[in-house]
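*Asks:* Take this structure, written in structure tokens, and hold onto it; I'll ask about it next.
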Amino acid sequence: MRESLPIAATNAVLTLVTLFVYRSWAKARSRRYLWSHTRFIDDQLHWSGSGLEMFIGFVIVALMLGIIALIFNFGLPALALRVGTFAAIAALIGLYLGGMFLYGLARFRGLRYRLSRTWWRGIRGGSDYGGWSYGVKAIGYYLATFFAAGLFYPWAQSKLWNERWNKMSFGPHEFEANMTSDDTRGAYFMLWAALVIGSVILGAVSVAVGGQPGGPNPLVLVVFYAAIGLAYLNFLTAYYQAAAEWTRIGDIEFRFTAGYGDWLKFYAATVGLAIVTLGLAMLVYDFRKWRFIAEHLEAYGSVDVDSLTQSRTSAPREAEGILEALDIGAF
Amino acid sequence: MSQPASLYDGVSARAHAVTVHAASGGLRLDGDGWGDDLPSSKLQTLSEESGRLRVGRTDIGGWSLVLNEPIDPAIIAILPKRQRYGGLIDRIGLVPAIIAGGLITAFVVAIGYVAPHWIAPHVPLSVERRMGSAVVGDFGPNRCRDANGQRALEALAERVSPGATRGPDGIKIAALDVGMFNAAALPGGYIVVFKPAITETNPEALAGILAHEIAHVRRRHVTEALIREMGIGALIRMFAGQTGANAEQLLDLSYTRADEAQADGDAIQMLRRANISPKPTAALFQGLDKEAPAYSAEFLQSHPLSARRAQRFAASYDPHSKYQPVLSREQADALFDICRRRQ
């Protein structure tokens, strides 16, 4: 925290005074710092992605999204007025499906890019795949989740996790992911039930008190949000553990050791710090989250350093433009 | 003085034990089968963390040399400085960069905010009209097409602002069968009035609304908004994501409020010149203020507070003036029925 705060603070200031252009460089700088402070077995990771390449990727995608926004703002109303409402709705559905495809593609390519810029002992990761089929499959999983009122989410999430990671590699070794929803389903259904049942109770309470303005008792709301937060942490715990357990590469297996209490402590500290520092601590939230994950991610097995040779995947040039432009690019 | 180091060659993950010492213009590597002279121009400092210095090569990805502290000052002197904030900022320094960036940003935002106001009057109306008709066309199936009603609507516009609908640059006005209380000026001198704004008011109040929209067209406010949206709006949304979009909306809102107030001022003058009482318009805004949630949120947000607008219109009422009705009985009936029959 003491070391990362100056980085986070100068990044924030530079980002503001450059009309957000510095964002890509800020991200590169944060990653260089985080990677070089993350030790795997006996050597630190190294991040080689540059701010410039991320910025170029971002500009290209932002222009693409700009065109889509133009279609959305002018094309759709024009279609509705000139051809009819039905054509506009069809076009809108098309745009949404396209959006889901882009989102899936972005997640795949973001991961591929990050692996290709991550070096350990002079070797990097990558992927031979472009993620196009991942994008198409993602549409299906998102739609299934949507039409099942969210109940398919753990299943879709684990399938997509496997779909992504099974196409990634580090050096000559391919990742193997065999996650199922078995380990996350229970926790997810609890979260889902908390949301649905909680909303029903909340609705009933506000009807009972006569629906007066101001809504239900604040205490009821606090209990509702607390229940959802706790259920969500429980799901996060199960998800991180399952993802680590069912993913491997070469002879290396992973364990994620953070239990429910660890997550609770982490988020309690996050909220506490944010309150005490009047929000300033949120600047270093990403750093703290990274450290939390790095501290709890353990790897088992052995690495044969002679057979861990350089990756033959082509390093992508477009960085993670879509992720950036959609504002979903975490570290 | 030579110093031990670990070398990763970027071919395999094996660490090679080498010794490094400063030579003229570069580093000399020896040991474990290596005997290399590396010019400093090919070297870059990758990181300096936890007592380790990592040096890379600009021409071979993955090649890295790890030195443990303490490091021979002669070696450090040869290595290029590590990139910190980014090339340009490292060169001019952090504080000057922040000051320069702040000034440029303030300038860009100011220009983006003000420039549309200067540019808008110089955009040829024909260009704007082409854009507008590309979007609007013939207003589609929702347009209310009763011929008598349309004539009455145009007569109302003419009554408010004589000559407004005539000539090549004349305003084109249409009623739409959409169940929302609203009216809008669109690019290219188009004005649309939604059905409830006709059937749930009276012709006098509608005259006030029309005067307001005609003022928007005359003052080129629509053009201005369009330019701002394409200029700084796009820029902010592109770089600043959602936070920026919210900030931009605020900026946009504060500016369109100035436009709205100006359009109200013009509308009051138009009503006065046309001898139309401003009271029904004032009453309409008074009603809007009370029933706010029943009407479109958008209409309320981008317009000045309804109560204040109502006051402004009410204040312009002159008890000594002999106000004339805006439409004849037949015209008012035809207007009321504009959406009833479709051709």
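Each chain in the structure tokens gets a letter, A, B, ..., in the order shown, and its residues are numbered from 1; ligands are numbered from 1 in order too.
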As a PyMOL selection string, could you give me every residue of chain B near chain A (at most 9 Å apart, counting only C-alpha atoms)?
*Replies:* chain B and resi 7-15+46-50+61-64+84-86+94+97-106+108-109+134-143+234-236+238-242
*Asks:* Neighbours of B:Ala185 within 9 Å (only C-alpha atoms; same-chain residues fewer than 6 positions away dropped), as a list in words?
*Replies:* Ile191, Val192, Val193, Glu213, Ile214, His216, Val217, His221 and Val222 of chain B
*Asks:* Write down as a VMD selection string the residues belonging to stretch 120-252 of chain A that are assigned strand (DSSP E or B) by DSSP computed on the backbone.
*Replies:* chain A and resid 120 123 to 126 169 to 170 173 to 177 247 to 249 252
*Asks:* Restricting it to C-alpha atoms, dump the selection as a short mmCIF file (atom, residue, chain, number, x, y, z; two decimals), in the first residue's frame.
*Replies:*
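Just written: again.cif:
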data_model
loop_
_atom_site.label_atom_id
_atom_site.label_comp_id
_atom_site.auth_asym_id
_atom_site.auth_seq_id
_atom_site.Cartn_x
_atom_site.Cartn_y
_atom_site.Cartn_z
CA TRP A 120 8.60 -15.72 -16.44
CA ILE A 123 9.37 -17.29 -21.46
CA ARG A 124 5.95 -15.90 -22.32
CA GLY A 125 2.43 -17.23 -22.84
CA GLY A 126 -0.08 -16.78 -25.61
CA SER A 169 -0.58 -21.72 -23.45
CA PHE A 170 2.64 -20.76 -21.69
CA HIS A 173 2.62 -26.09 -22.58
CA GLU A 174 -1.11 -25.74 -22.97
CA PHE A 175 -3.41 -24.90 -20.13
CA GLU A 176 -5.99 -27.55 -19.27
CA ALA A 177 -9.23 -26.43 -17.66
CA THR A 247 -6.98 -25.53 -14.15
CA ARG A 248 -3.48 -26.85 -14.72
CA ILE A 249 -0.53 -26.47 -17.02
CA ILE A 252 1.75 -27.57 -12.35
#
*Asks:* List as a PyMOL selection string the protein and nucleic acid residues near B:Val160, meaning an atom at most 10 Å away when only C-alpha atoms are counted, but skip any in the same chain fewer than 6 places from it.
*Replies:* chain B and resi 154+204+207-208+210-211+214+267+269-276+326
*Asks:* One decimal, in Å: what's the spacing between atom CA of A:Phe224 and atom CA of A:Gly198?
*Replies:*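 So the two atoms, atom CA of A:Phe224 and atom CA of A:Gly198, lie 6.2 Å apart.
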*Asks:* Pick out the closest residue to A:Tyr142 from this set: A:Asn178, A:Asp183, A:Ile293, A:Leu97. Count only C-alpha atoms.
*Replies:*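 Distance minimum relative to A:Tyr142 lands on A:Leu97.
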*Asks:* For stretch 277-282 of chain A, find every residue with an atom within 10 Å (counting only C-alpha atoms), except residues of its own chain fewer than 6 positions away, and show them as a count of residues only.
*Replies:* 7
*Asks:* Rounded to one decimal in Å, what is the spacing between atom CA of B:Phe194 and atom CA of B:Gln331?
*Replies:*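 Between atom CA of B:Phe194 and atom CA of B:Gln331 the gap works out to 18.0 Å.
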*Asks:* Please identify the alpha helix (DSSP H) residues within stretch 111-229 of chain B (assignment by DSSP from backbone atoms) and present them as a PyMOL selection string.
*Replies:* chain B and resi 111-119+125-136+147-160+195-199+203-218+221-228
*Asks:* For A:Phe152, work out the shell of residues within 10 Å, counting only C-alpha atoms and skipping chain neighbours fewer than 2 positions away, then give it as a list in words.
*Replies:*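 So, after excluding close chain neighbours, the residues are Tyr141, Tyr142, Leu143, Ala144, Thr145, Phe146, Phe147, Ala148, Ala149, Gly150, Pro154, Trp155, Ala156, Gln157, Ser181, Arg185, Tyr188 and Phe189 of chain A.
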